[in-house]
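A.B. asks: Pasting start_21.txt here (compact mmCIF, C-alpha atoms and all ligand atoms):
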```
# COMPACT_ATOMS: atom_id res chain seq x y z
CA MET A 215 3.93 -41.98 -1.47
CA THR A 216 0.29 -41.06 -0.84
CA ILE A 217 -1.37 -42.34 2.30
CA ARG A 218 -4.39 -44.42 1.35
CA GLU A 219 -7.39 -44.02 3.60
CA ASN A 220 -10.09 -46.49 4.19
CA ASP A 221 -12.65 -45.40 1.55
CA ALA A 222 -15.51 -45.01 4.03
CA ASN A 223 -13.44 -42.54 6.03
CA THR A 224 -12.18 -40.50 3.06
CA LEU A 225 -13.52 -36.95 3.13
CA LEU A 226 -11.40 -35.29 0.49
CA ARG A 227 -9.66 -36.81 -2.49
CA VAL A 228 -7.57 -34.70 -4.85
CA ASN A 229 -6.63 -36.31 -8.15
CA GLN A 230 -3.90 -35.08 -10.47
CA LEU A 231 -4.42 -31.41 -9.78
CA ASN A 232 -2.54 -29.05 -12.11
CA VAL A 233 -2.39 -25.28 -11.71
CA ILE A 234 -0.56 -22.82 -13.93
CA TYR A 235 0.08 -19.08 -13.78
CA GLU A 236 0.59 -17.51 -17.16
CA ASN A 237 1.66 -13.97 -17.92
CA ARG A 238 3.70 -12.06 -20.50
CA ARG A 239 6.94 -13.36 -19.03
CA GLY A 240 5.87 -16.97 -19.44
CA MET A 241 4.20 -19.80 -17.61
CA VAL A 242 4.74 -21.13 -14.10
CA HIS A 243 3.52 -24.63 -13.39
CA ALA A 244 2.51 -23.96 -9.76
CA VAL A 245 1.03 -27.40 -9.00
CA LYS A 246 1.94 -30.51 -10.94
CA ASP A 247 -0.19 -33.66 -10.77
CA ALA A 248 -0.88 -33.34 -7.05
CA SER A 249 -2.90 -36.25 -5.64
CA PHE A 250 -3.74 -36.85 -2.01
CA GLU A 251 -6.51 -37.97 0.30
CA MET A 252 -7.75 -36.89 3.71
CA GLY A 253 -9.85 -38.72 6.23
CA SER A 254 -12.47 -37.21 8.55
CA GLY A 255 -11.12 -35.64 11.70
CA ARG A 256 -7.53 -35.70 10.45
CA VAL A 257 -4.97 -32.91 10.25
CA LEU A 258 -2.90 -32.88 7.06
CA CYS A 259 -0.10 -30.34 6.81
CA ILE A 260 1.23 -29.30 3.44
CA VAL A 261 4.75 -28.03 3.97
CA GLY A 262 7.20 -26.49 1.55
CA GLU A 263 9.31 -23.44 0.90
CA SER A 264 7.96 -20.14 -0.37
CA GLY A 265 6.68 -20.45 -3.94
CA SER A 266 6.40 -24.24 -3.82
CA GLY A 267 2.66 -24.20 -4.58
CA LYS A 268 1.05 -24.55 -1.13
CA SER A 269 -1.42 -21.68 -1.50
CA ALA A 270 -2.21 -22.69 -5.08
CA ILE A 271 -3.36 -26.07 -3.75
CA ALA A 272 -5.39 -24.47 -0.93
CA LEU A 273 -7.11 -22.02 -3.29
CA SER A 274 -7.78 -24.73 -5.89
CA LEU A 275 -9.73 -26.81 -3.40
CA LEU A 276 -12.35 -24.07 -3.28
CA LYS A 277 -11.90 -23.12 -6.93
CA LEU A 278 -10.61 -19.74 -5.84
CA ILE A 279 -7.62 -19.49 -8.18
CA ASP A 280 -7.83 -16.07 -9.81
CA PRO A 281 -6.39 -15.10 -13.22
CA PRO A 282 -3.63 -15.25 -14.34
CA GLY A 283 -3.87 -18.57 -12.51
CA LYS A 284 -5.79 -21.48 -13.98
CA ILE A 285 -6.60 -25.04 -12.95
CA THR A 286 -5.75 -27.00 -16.08
CA ASN A 287 -6.57 -30.48 -14.88
CA GLY A 288 -7.65 -32.49 -11.88
CA GLN A 289 -10.47 -33.38 -9.55
CA VAL A 290 -11.27 -32.22 -6.02
CA LEU A 291 -13.72 -34.73 -4.62
CA LEU A 292 -15.47 -33.84 -1.38
CA ASP A 293 -17.47 -36.86 -0.31
CA GLY A 294 -17.22 -38.00 -3.92
CA GLU A 295 -18.59 -34.74 -5.44
CA ASP A 296 -16.17 -33.04 -7.84
CA LEU A 297 -16.04 -29.43 -6.71
CA LEU A 298 -14.17 -28.30 -9.81
CA SER A 299 -17.13 -29.21 -12.00
CA LEU A 300 -19.60 -27.12 -9.96
CA SER A 301 -20.98 -23.71 -10.91
CA GLU A 302 -20.16 -20.60 -8.85
CA GLN A 303 -23.66 -20.74 -7.37
CA GLN A 304 -23.22 -24.35 -6.31
CA LEU A 305 -19.78 -23.55 -4.88
CA THR A 306 -21.20 -20.75 -2.75
CA ARG A 307 -23.23 -23.43 -0.98
CA ILE A 308 -20.06 -25.45 -0.28
CA ARG A 309 -17.68 -22.61 0.66
CA GLY A 310 -17.91 -21.81 4.33
CA LYS A 311 -20.53 -24.46 5.05
CA GLN A 312 -18.72 -27.63 3.93
CA MET A 313 -15.23 -26.19 3.59
CA GLY A 314 -14.13 -23.26 5.72
CA MET A 315 -11.00 -21.27 5.08
CA ILE A 316 -8.80 -19.08 7.22
CA PHE A 317 -5.96 -17.04 5.86
CA GLN A 318 -2.70 -15.56 7.05
CA ASN A 319 -3.99 -12.03 7.45
CA PRO A 320 -7.38 -11.94 9.22
CA SER A 321 -7.76 -8.16 8.99
CA ARG A 322 -8.05 -8.49 5.20
CA SER A 323 -10.95 -10.91 5.52
CA LEU A 324 -12.97 -8.72 7.91
CA ASN A 325 -14.71 -5.46 7.10
CA PRO A 326 -13.07 -2.83 9.37
CA VAL A 327 -16.24 -0.75 9.77
CA ILE A 328 -18.68 -3.50 10.72
CA LYS A 329 -18.82 -4.89 14.24
CA ILE A 330 -17.48 -8.40 14.77
CA GLY A 331 -20.86 -9.71 15.97
CA VAL A 332 -22.68 -8.45 12.88
CA GLN A 333 -20.08 -9.97 10.54
CA CYS A 334 -20.19 -13.35 12.28
CA ALA A 335 -23.99 -13.48 12.42
CA GLU A 336 -24.34 -12.44 8.77
CA THR A 337 -21.94 -15.20 7.72
CA ILE A 338 -24.03 -17.74 9.59
CA ARG A 339 -27.31 -16.39 8.20
CA SER A 340 -25.98 -16.46 4.64
CA HIS A 341 -25.79 -20.25 4.93
CA GLU A 342 -28.48 -21.19 7.41
CA LYS A 343 -32.06 -20.08 7.93
CA LEU A 344 -31.68 -18.68 11.42
CA SER A 345 -33.24 -15.63 13.05
CA ARG A 346 -30.95 -12.77 14.03
CA VAL A 347 -31.26 -13.77 17.68
CA GLU A 348 -30.34 -17.39 16.92
CA ALA A 349 -27.36 -16.30 14.79
CA ASP A 350 -26.22 -14.00 17.61
CA GLU A 351 -26.46 -16.85 20.09
CA ARG A 352 -24.39 -19.12 17.82
CA THR A 353 -21.84 -16.32 17.43
CA LEU A 354 -21.58 -15.93 21.21
CA ASP A 355 -21.05 -19.68 21.63
CA CYS A 356 -18.37 -19.79 18.94
CA LEU A 357 -16.49 -16.79 20.32
CA ARG A 358 -16.58 -18.44 23.74
CA GLU A 359 -15.28 -21.68 22.17
CA VAL A 360 -12.22 -19.95 20.78
CA GLY A 361 -11.37 -18.50 24.16
CA PHE A 362 -13.09 -15.11 24.44
CA ALA A 363 -14.11 -14.84 28.10
CA ARG A 364 -16.53 -11.96 27.40
CA PRO A 365 -17.89 -12.76 23.94
CA GLN A 366 -20.65 -10.15 24.13
CA GLU A 367 -17.99 -7.44 24.40
CA THR A 368 -16.07 -8.95 21.49
CA MET A 369 -19.22 -8.93 19.35
CA ASN A 370 -19.56 -5.19 19.94
CA ARG A 371 -16.01 -4.41 18.87
CA PHE A 372 -14.79 -3.33 15.44
CA PRO A 373 -11.93 -5.34 13.91
CA TYR A 374 -9.42 -2.49 14.40
CA GLN A 375 -10.02 -2.70 18.16
CA LEU A 376 -8.69 -6.28 18.37
CA SER A 377 -5.11 -7.61 18.27
CA GLY A 378 -3.87 -9.90 15.47
CA GLY A 379 -4.23 -13.00 17.66
CA MET A 380 -7.77 -12.03 18.66
CA LEU A 381 -8.72 -11.41 15.04
CA GLN A 382 -7.38 -14.80 14.03
CA ARG A 383 -9.47 -16.40 16.77
CA VAL A 384 -12.50 -14.49 15.44
CA MET A 385 -11.78 -15.94 12.00
CA ILE A 386 -11.59 -19.43 13.46
CA ALA A 387 -14.86 -18.80 15.31
CA MET A 388 -16.50 -17.60 12.09
CA ALA A 389 -15.20 -20.58 10.13
CA LEU A 390 -16.30 -23.04 12.78
CA SER A 391 -19.69 -21.41 13.35
CA LEU A 392 -20.83 -23.21 10.21
CA LYS A 393 -19.32 -26.50 11.44
CA PRO A 394 -17.49 -27.19 8.18
CA ARG A 395 -16.35 -30.74 7.55
CA LEU A 396 -13.02 -29.44 6.34
CA LEU A 397 -11.13 -26.35 7.44
CA ILE A 398 -8.38 -25.06 5.18
CA ALA A 399 -5.94 -22.92 7.14
CA ASP A 400 -3.32 -21.18 4.99
CA GLU A 401 -0.44 -20.03 7.23
CA PRO A 402 -2.97 -18.97 9.90
CA THR A 403 -0.40 -17.92 12.47
CA THR A 404 2.44 -16.55 10.37
CA ALA A 405 1.54 -12.95 11.24
CA LEU A 406 1.37 -13.67 14.99
CA ASP A 407 4.00 -13.80 17.69
CA VAL A 408 5.13 -17.19 18.95
CA THR A 409 3.02 -17.28 22.14
CA VAL A 410 -0.18 -16.31 20.36
CA GLN A 411 0.73 -18.75 17.57
CA ALA A 412 0.77 -21.60 20.08
CA GLN A 413 -2.59 -20.51 21.57
CA VAL A 414 -4.28 -20.34 18.17
CA MET A 415 -2.89 -23.73 17.13
CA SER A 416 -3.93 -25.45 20.32
CA ARG A 417 -7.41 -23.91 19.99
CA LEU A 418 -7.64 -25.32 16.46
CA LEU A 419 -6.72 -28.78 17.72
CA GLN A 420 -9.27 -28.62 20.54
CA LEU A 421 -12.00 -27.62 18.12
CA LYS A 422 -11.02 -30.34 15.69
CA LYS A 423 -11.40 -32.91 18.45
CA ARG A 424 -14.75 -31.47 19.52
CA TRP A 425 -16.35 -31.30 16.05
CA ASN A 426 -14.30 -33.95 14.22
CA THR A 427 -13.40 -31.28 11.66
CA SER A 428 -10.62 -32.21 9.25
CA ILE A 429 -7.93 -29.57 8.94
CA LEU A 430 -5.73 -28.95 5.93
CA LEU A 431 -2.98 -26.79 7.31
CA ILE A 432 -0.62 -24.97 4.99
CA THR A 433 2.68 -23.96 6.53
CA HIS A 434 6.32 -23.45 5.76
CA ASP A 435 7.09 -24.15 9.43
CA LEU A 436 8.07 -27.75 10.07
CA SER A 437 7.80 -27.42 13.83
CA ILE A 438 4.12 -26.44 13.45
CA ALA A 439 3.61 -29.48 11.21
CA ALA A 440 5.30 -31.66 13.82
CA GLN A 441 3.01 -30.38 16.54
CA MET A 442 -0.27 -30.33 14.62
CA ALA A 443 -0.38 -32.92 11.89
CA ASP A 444 -1.43 -36.54 11.68
CA GLU A 445 0.10 -36.59 8.21
CA VAL A 446 2.49 -34.34 6.33
CA ALA A 447 2.73 -33.79 2.58
CA VAL A 448 5.95 -32.17 1.42
CA ILE A 449 5.69 -30.07 -1.73
CA HIS A 450 8.62 -28.97 -3.84
CA ALA A 451 8.30 -26.94 -7.07
CA GLY A 452 4.61 -27.85 -7.35
CA ILE A 453 5.15 -31.59 -6.82
CA ILE A 454 4.15 -33.52 -3.68
CA VAL A 455 7.35 -35.43 -3.16
CA GLU A 456 6.43 -37.25 0.05
CA HIS A 457 3.19 -37.77 2.01
CA ARG A 458 3.48 -39.82 5.17
CA LYS A 459 2.31 -40.10 8.75
CA THR A 460 3.96 -37.31 10.71
CA LEU A 461 6.11 -39.38 13.02
CA ASP A 462 7.32 -41.61 10.16
CA LEU A 463 8.26 -38.60 8.06
CA PHE A 464 10.20 -36.89 10.83
CA GLN A 465 11.93 -40.05 12.00
CA ASP A 466 12.74 -41.46 8.60
CA PRO A 467 12.36 -38.99 5.73
CA HIS A 468 12.60 -40.74 2.36
CA HIS A 469 12.85 -38.00 -0.24
CA PRO A 470 16.12 -36.04 -0.55
CA TYR A 471 14.17 -32.75 -0.50
CA THR A 472 12.42 -33.70 2.77
CA LYS A 473 15.81 -34.60 4.24
CA LYS A 474 17.16 -31.21 3.16
CA LEU A 475 14.17 -29.37 4.67
CA LEU A 476 14.64 -31.18 7.97
CA ARG A 477 18.37 -30.42 8.00
CA ASN A 478 17.62 -26.75 7.36
CA VAL A 479 15.43 -26.28 10.40
CA ARG A 480 17.48 -23.97 12.52
CA GLY A 481 17.91 -24.53 16.24
CA GLU A 482 15.75 -27.64 16.35
CA SER A 483 16.92 -31.16 15.69
CA ASN A 484 14.54 -33.70 14.17
CA LYS A 485 14.54 -35.45 17.51
CA GLU A 486 13.31 -32.37 19.31
CA MET A 487 10.49 -31.90 16.82
CA THR A 488 9.46 -35.53 17.18
CA TYR A 489 9.50 -35.02 20.91
CA GLU A 490 7.24 -31.97 20.61
CA TRP A 491 4.90 -33.89 18.38
CA ASN A 492 4.63 -36.70 20.92
CA CYS A 493 3.95 -34.27 23.74
CA CYS A 494 1.19 -32.45 21.89
CA LYS A 495 -0.72 -35.50 20.68
N1 LIG A 501 -0.74 -14.15 -9.16
C1 LIG A 501 0.31 -14.84 -9.58
N2 LIG A 501 0.91 -14.54 -10.77
C2 LIG A 501 1.96 -15.22 -11.22
N3 LIG A 501 2.52 -16.27 -10.58
C3 LIG A 501 1.99 -16.61 -9.40
C4 LIG A 501 0.86 -15.92 -8.83
N4 LIG A 501 0.56 -16.50 -7.65
C5 LIG A 501 1.44 -17.50 -7.47
N5 LIG A 501 2.29 -17.57 -8.53
C6 LIG A 501 3.39 -18.51 -8.68
O1 LIG A 501 2.93 -19.83 -8.46
C7 LIG A 501 3.91 -20.56 -7.71
C8 LIG A 501 3.27 -21.12 -6.46
O2 LIG A 501 2.85 -20.03 -5.64
P1 LIG A 501 2.14 -20.24 -4.23
O3 LIG A 501 1.67 -18.91 -3.80
O4 LIG A 501 1.16 -21.33 -4.34
O5 LIG A 501 3.37 -20.73 -3.33
P2 LIG A 501 3.44 -20.89 -1.75
O6 LIG A 501 4.15 -22.18 -1.51
O7 LIG A 501 2.08 -20.75 -1.16
O8 LIG A 501 4.36 -19.69 -1.33
P3 LIG A 501 4.31 -18.76 0.00
O9 LIG A 501 4.67 -19.67 1.14
O10 LIG A 501 5.33 -17.70 -0.28
O11 LIG A 501 2.90 -18.23 0.10
C9 LIG A 501 5.06 -19.61 -7.44
O12 LIG A 501 6.06 -19.84 -8.38
C10 LIG A 501 4.45 -18.26 -7.64
O13 LIG A 501 5.40 -17.33 -8.09
```
In structure tokens, how does this file's structure come out?
Ligand SMILES: Nc1ncnc2c1ncn2[C@@H]1O[C@H](COP(=O)(O)OP(=O)(O)OP(=O)(O)O)[C@@H](O)[C@H]1O
C.D. replies:
Amino acid sequence: MTIRENDANTLLRVNQLNVIYENRRGMVHAVKDASFEMGSGRVLCIVGESGSGKSAIALSLLKLIDPPGKITNGQVLLDGEDLLSLSEQQLTRIRGKQMGMIFQNPSRSLNPVIKIGVQCAETIRSHEKLSRVEADERTLDCLREVGFARPQETMNRFPYQLSGGMLQRVMIAMALSLKPRLLIADEPTTALDVTVQAQVMSRLLQLKKRWNTSILLITHDLSIAAQMADEVAVIHAGIIVEHRKTLDLFQDPHHPYTKKLLRNVRGESNKEMTYEWNCCK
């Protein structure tokens, strides 16, 4: 079920991860014994319906599960180092620098009253010993990389002055300014319209090729998985039921739940999605 990578190429290995949420009404087992691996420069999509445990996995990788959630078991090995056994201080070193994260709603991750340039440069300087000028130059480069034609102007804007698509590109620029080895993107385009969605996704793919960044993409949208992923892991009720190479999964789904998900995709046949995947690769 799990794709085995050549060990030398394995960047991330998750072993038997378990996450629960417990409150007065009872306990939800959000992630059950999830195990998977990712190689360098690969895109793995985790797909599943709402509430299936996708975000719980994403947050666990950075040990960001907040109460009432709890990781009850498992390992998250990045280059062999178990992140779940690290202290908060040690994790601060890893978050952003080794593992970047972008979320569904970029405006929540940015301070509305601080200019974009200052926020980007401060993020860089919190991880690397750079002068303000050097951090500004890196920020300019990164904003240019994600498609801002006049990055200096973008740096001088406040978040409320930018559209949702622009903000999401700023978030990608911020994440990539630290050249993380792994980028976790949790529904990064769900809040955007379809055209902007496509632009942001293609920008992510270009950057992945340029920096060899691995991307763990969380989505409920199978057509995005078809376009973006090298591999897809399907999660249902906290369990990874199938993890295969993208084309194999779309052409010949094994698990009944994967088959049901594929049947449910409205307006697009499996063949069309496979076609899109082939075109984008
Ligand atoms: N703060 C919380 N308190 C209680 N239960 C929670 C909490 N956060 C998540 N859960 C539960 O954990 C399970 C997994 O949630 P999770 O957010 O990981 O799903 P998801 O697949 O990311 O869903 P969505 O696509 O809607 O974001 C769900 O049953 C959810 O209700």
A.B. asks: Hey, which of A:Gly331, A:Gly262, A:Pro373, A:Gly255 ends up closest to ligand LIG 501 (chain A)? Count only C-alpha atoms and all ligand atoms.
C.D. replies: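 Of A:Gly331, A:Gly262, A:Pro373, A:Gly255, the one nearest ligand LIG 501 (chain A), counting only C-alpha atoms and all ligand atoms, is A:Gly262.
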A.B. asks: For the atom pair atom CA of Ser274 of chain A and atom CA of Ile308 of chain A, what is the interatomic distance in Å to one decimal place?
C.D. replies: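 Taking atom CA of Ser274 of chain A and atom CA of Ile308 of chain A, their separation equals 13.5 Å.
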A.B. asks: Can you list, as a list in words, every protein, DNA or RNA residue that comes within 10 Å of segment 357-365 of chain A when you count all atoms listed in the file, leaving out same-chain residues fewer than 2 positions away?
C.D. replies: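 Once the adjacent positions are removed, what remains is Gly331, Cys334, Glu351, Arg352, Thr353, Leu354, Asp355, Glu367, Thr368, Met369, Asn370, Arg371, Met380, Gln382, Arg383, Val384, Met385, Ile386, Ala387, Met388, Leu390, Ser391, Gln413, Val414, Ser416, Arg417, Leu418, Gln420 and Leu421 of chain A.
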A.B. asks: Would you give the centre and edge lengths, in Å to one decimal, of a box along x, y and z around the listed atoms of ligand LIG 501 (chain A), with 4 Å added to each side, as lines of an AutoDock Vina configuration file?
C.D. replies:
```
center_x = 2.7
center_y = -18.2
center_z = -5.0
size_x = 14.8
size_y = 16.0
size_z = 20.4
```
A.B. asks: List every protein, DNA or RNA residue that has at least one atom no more than 8 Å from (-17.0, -29.4, 10.2) in the file's coordinates, counting all atoms listed in the file, and write the result as JSON, numbers by chain.
C.D. replies: {"A": [311, 312, 313, 390, 392, 393, 394, 395, 396, 397, 425, 426, 427, 428]}
A.B. asks: Is it possible to get the residues within 12 Å of (-8.6, -0.8, 14.1) (coordinates as in the file, counting all atoms listed in the file) written as a list in words?
C.D. replies: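 Counting all atoms listed in the file, I find these residues within 12 Å of (-8.6, -0.8, 14.1): Ser321, Arg322, Leu324, Asn325, Pro326, Val327, Ile328, Lys329, Ile330, Arg371, Phe372, Pro373, Tyr374, Gln375, Leu376, Ser377, Gly378 and Leu381 of chain A.
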A.B. asks: At what distance in Å, to one decimal, does atom CA of Cys259 of chain A lie from atom CA of Ala389 of chain A?
C.D. replies: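 Between atom CA of Ala389 of chain A and atom CA of Cys259 of chain A the gap is 18.3 Å.
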A.B. asks: What is the distance, in Å and to one decimal place, between atom CA of Gln441 of chain A and atom CA of Val410 of chain A?
C.D. replies: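 Answer for the atom CA of Gln441 of chain A to atom CA of Val410 of chain A separation: 14.9 Å.
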A.B. asks: With the cut-off set at 7 Å and counting all atoms listed in the file, tabulate each residue of chain A with an atom at most that distance from an atom of ligand LIG 501 (chain A), showing the nearest atom pair and its distance in Å to one decimal, ordered by chain and increasing number, as a Markdown table.
C.D. replies:
```
| residue | atom | partner | partner_atom | distance |
| --- | --- | --- | --- | --- |
| A:Tyr235 | CA | A:LIG501 | N3 | 4.9 |
| A:Glu236 | CA | A:LIG501 | C2 | 6.5 |
| A:Asn237 | CA | A:LIG501 | C2 | 6.8 |
| A:Val242 | CA | A:LIG501 | O12 | 6.0 |
| A:His243 | CA | A:LIG501 | O1 | 6.9 |
| A:Ala244 | CA | A:LIG501 | C7 | 4.2 |
| A:Gly262 | CA | A:LIG501 | O6 | 6.1 |
| A:Glu263 | CA | A:LIG501 | O6 | 5.8 |
| A:Ser264 | CA | A:LIG501 | O10 | 3.6 |
| A:Gly265 | CA | A:LIG501 | O5 | 3.4 |
| A:Ser266 | CA | A:LIG501 | O6 | 3.8 |
| A:Gly267 | CA | A:LIG501 | O4 | 3.2 |
| A:Lys268 | CA | A:LIG501 | O6 | 3.9 |
| A:Ser269 | CA | A:LIG501 | O7 | 3.6 |
| A:Ala270 | CA | A:LIG501 | O4 | 3.7 |
| A:Ile271 | CA | A:LIG501 | O4 | 6.6 |
| A:Pro282 | CA | A:LIG501 | N2 | 5.8 |
| A:Gly283 | CA | A:LIG501 | C1 | 6.3 |
| A:His434 | CA | A:LIG501 | O9 | 6.2 |
| A:Gly452 | CA | A:LIG501 | C8 | 6.9 |
```
A.B. asks: From the set A:Glu456, A:Glu302, A:Glu336, A:Glu401, which residue has the shortest atom-to-atom contact distance to Leu430 of chain A, counting all atoms listed in the file?
C.D. replies: A:Glu401
A.B. asks: Would you pick out the contacts of Ala439 of chain A at 8 Å or less, using only C-alpha atoms, so that residues sharing its chain but fewer than 5 positions from it are not included, and give the list as a count of residues only?
C.D. replies: 5
A.B. asks: Write out as a short mmCIF file (atom, residue, chain, number, x, y, z; two decimals) with C-alpha atoms, in the frame of the given file each polymer residue whose atoms come within 10 Å of segment 246-252 of chain A, counting only C-alpha atoms; drop sequence neighbours fewer than 5 positions from it.
C.D. replies:
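So the final result, stored in result_14.cif, reads:
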```cif
data_model
loop_
_atom_site.label_atom_id
_atom_site.label_comp_id
_atom_site.auth_asym_id
_atom_site.auth_seq_id
_atom_site.Cartn_x
_atom_site.Cartn_y
_atom_site.Cartn_z
CA MET A 215 3.93 -41.98 -1.47
CA THR A 216 0.29 -41.06 -0.84
CA ILE A 217 -1.37 -42.34 2.30
CA ARG A 218 -4.39 -44.42 1.35
CA GLU A 219 -7.39 -44.02 3.60
CA ASN A 220 -10.09 -46.49 4.19
CA ASP A 221 -12.65 -45.40 1.55
CA ASN A 223 -13.44 -42.54 6.03
CA THR A 224 -12.18 -40.50 3.06
CA LEU A 225 -13.52 -36.95 3.13
CA LEU A 226 -11.40 -35.29 0.49
CA ARG A 227 -9.66 -36.81 -2.49
CA VAL A 228 -7.57 -34.70 -4.85
CA ASN A 229 -6.63 -36.31 -8.15
CA GLN A 230 -3.90 -35.08 -10.47
CA LEU A 231 -4.42 -31.41 -9.78
CA ASN A 232 -2.54 -29.05 -12.11
CA VAL A 233 -2.39 -25.28 -11.71
CA ILE A 234 -0.56 -22.82 -13.93
CA VAL A 257 -4.97 -32.91 10.25
CA LEU A 258 -2.90 -32.88 7.06
CA GLY A 267 2.66 -24.20 -4.58
CA ILE A 271 -3.36 -26.07 -3.75
CA THR A 286 -5.75 -27.00 -16.08
CA ASN A 287 -6.57 -30.48 -14.88
CA GLY A 288 -7.65 -32.49 -11.88
CA GLN A 289 -10.47 -33.38 -9.55
CA VAL A 290 -11.27 -32.22 -6.02
CA LEU A 291 -13.72 -34.73 -4.62
CA LEU A 292 -15.47 -33.84 -1.38
CA LEU A 396 -13.02 -29.44 6.34
CA SER A 428 -10.62 -32.21 9.25
CA ILE A 429 -7.93 -29.57 8.94
CA LEU A 430 -5.73 -28.95 5.93
CA GLU A 445 0.10 -36.59 8.21
CA ALA A 447 2.73 -33.79 2.58
CA ILE A 449 5.69 -30.07 -1.73
CA HIS A 450 8.62 -28.97 -3.84
CA ALA A 451 8.30 -26.94 -7.07
CA GLY A 452 4.61 -27.85 -7.35
CA ILE A 453 5.15 -31.59 -6.82
CA ILE A 454 4.15 -33.52 -3.68
CA VAL A 455 7.35 -35.43 -3.16
CA HIS A 457 3.19 -37.77 2.01
#
```
A.B. asks: So, counting only C-alpha atoms, which residue among A:Ala335, A:Leu475, A:Arg458, A:Met442 is closest to Asp350 of chain A?
C.D. replies: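 Result for the nearest residue to Asp350 of chain A: A:Ala335.
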A.B. asks: Closest to Leu476 of chain A among A:Cys356, A:Leu463, A:Ala443, A:Val347, using all atoms listed in the file?
C.D. replies: A:Leu463
A.B. asks: Given only C-alpha atoms as the basis, pick out the residue of A:Thr404, A:Ala412, A:Ile279, A:Lys474 nearest to Ile316 of chain A.
C.D. replies: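 Among the listed residues, A:Thr404 lies closest to Ile316 of chain A.
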A.B. asks: With distances taken over only C-alpha atoms, which of A:Leu276, A:Ala349, A:Ile338, A:Val448 is nearest to Arg309 of chain A?
C.D. replies: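 Checking each candidate against Arg309 of chain A, we get A:Leu276 as the closest.
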A.B. asks: May I ask you to restore N, CA and C atoms in segment 418-434 of chain A and write the result as a CSV table (one decimal), keeping the file's coordinate frame?
C.D. replies:
```
chain,number,residue,atom,x,y,z
A,418,LEU,N,-7.2,-24.6,17.7
A,418,LEU,CA,-7.6,-25.3,16.5
A,418,LEU,C,-7.7,-26.8,16.7
A,419,LEU,N,-6.7,-27.3,17.4
A,419,LEU,CA,-6.7,-28.8,17.7
A,419,LEU,C,-7.9,-29.2,18.6
A,420,GLN,N,-8.1,-28.3,19.6
A,420,GLN,CA,-9.3,-28.6,20.5
A,420,GLN,C,-10.6,-28.7,19.8
A,421,LEU,N,-10.8,-27.7,18.9
A,421,LEU,CA,-12.0,-27.6,18.1
A,421,LEU,C,-12.1,-28.8,17.1
A,422,LYS,N,-11.0,-29.2,16.6
A,422,LYS,CA,-11.0,-30.3,15.7
A,422,LYS,C,-11.5,-31.6,16.4
A,423,LYS,N,-11.0,-31.7,17.7
A,423,LYS,CA,-11.4,-32.9,18.4
A,423,LYS,C,-12.9,-32.8,18.8
A,424,ARG,N,-13.3,-31.6,19.1
A,424,ARG,CA,-14.8,-31.5,19.5
A,424,ARG,C,-15.7,-31.7,18.4
A,425,TRP,N,-15.4,-31.2,17.2
A,425,TRP,CA,-16.4,-31.3,16.0
A,425,TRP,C,-16.0,-32.3,15.0
A,426,ASN,N,-14.8,-33.0,15.2
A,426,ASN,CA,-14.3,-34.0,14.2
A,426,ASN,C,-14.1,-33.3,12.9
A,427,THR,N,-13.7,-32.0,12.9
A,427,THR,CA,-13.4,-31.3,11.7
A,427,THR,C,-12.0,-31.7,11.1
A,428,SER,N,-11.9,-32.0,9.8
A,428,SER,CA,-10.6,-32.2,9.2
A,428,SER,C,-9.9,-30.9,9.0
A,429,ILE,N,-8.6,-30.8,9.2
A,429,ILE,CA,-7.9,-29.6,8.9
A,429,ILE,C,-6.8,-29.8,7.9
A,430,LEU,N,-6.8,-29.0,6.9
A,430,LEU,CA,-5.7,-29.0,5.9
A,430,LEU,C,-4.9,-27.7,6.3
A,431,LEU,N,-3.8,-27.9,6.8
A,431,LEU,CA,-3.0,-26.8,7.3
A,431,LEU,C,-1.8,-26.6,6.4
A,432,ILE,N,-1.7,-25.3,5.9
A,432,ILE,CA,-0.6,-25.0,5.0
A,432,ILE,C,0.4,-24.2,5.8
A,433,THR,N,1.6,-24.7,5.8
A,433,THR,CA,2.7,-24.0,6.5
A,433,THR,C,4.1,-24.2,5.9
A,434,HIS,N,4.9,-23.2,6.2
A,434,HIS,CA,6.3,-23.4,5.8
A,434,HIS,C,7.1,-23.9,7.0
```
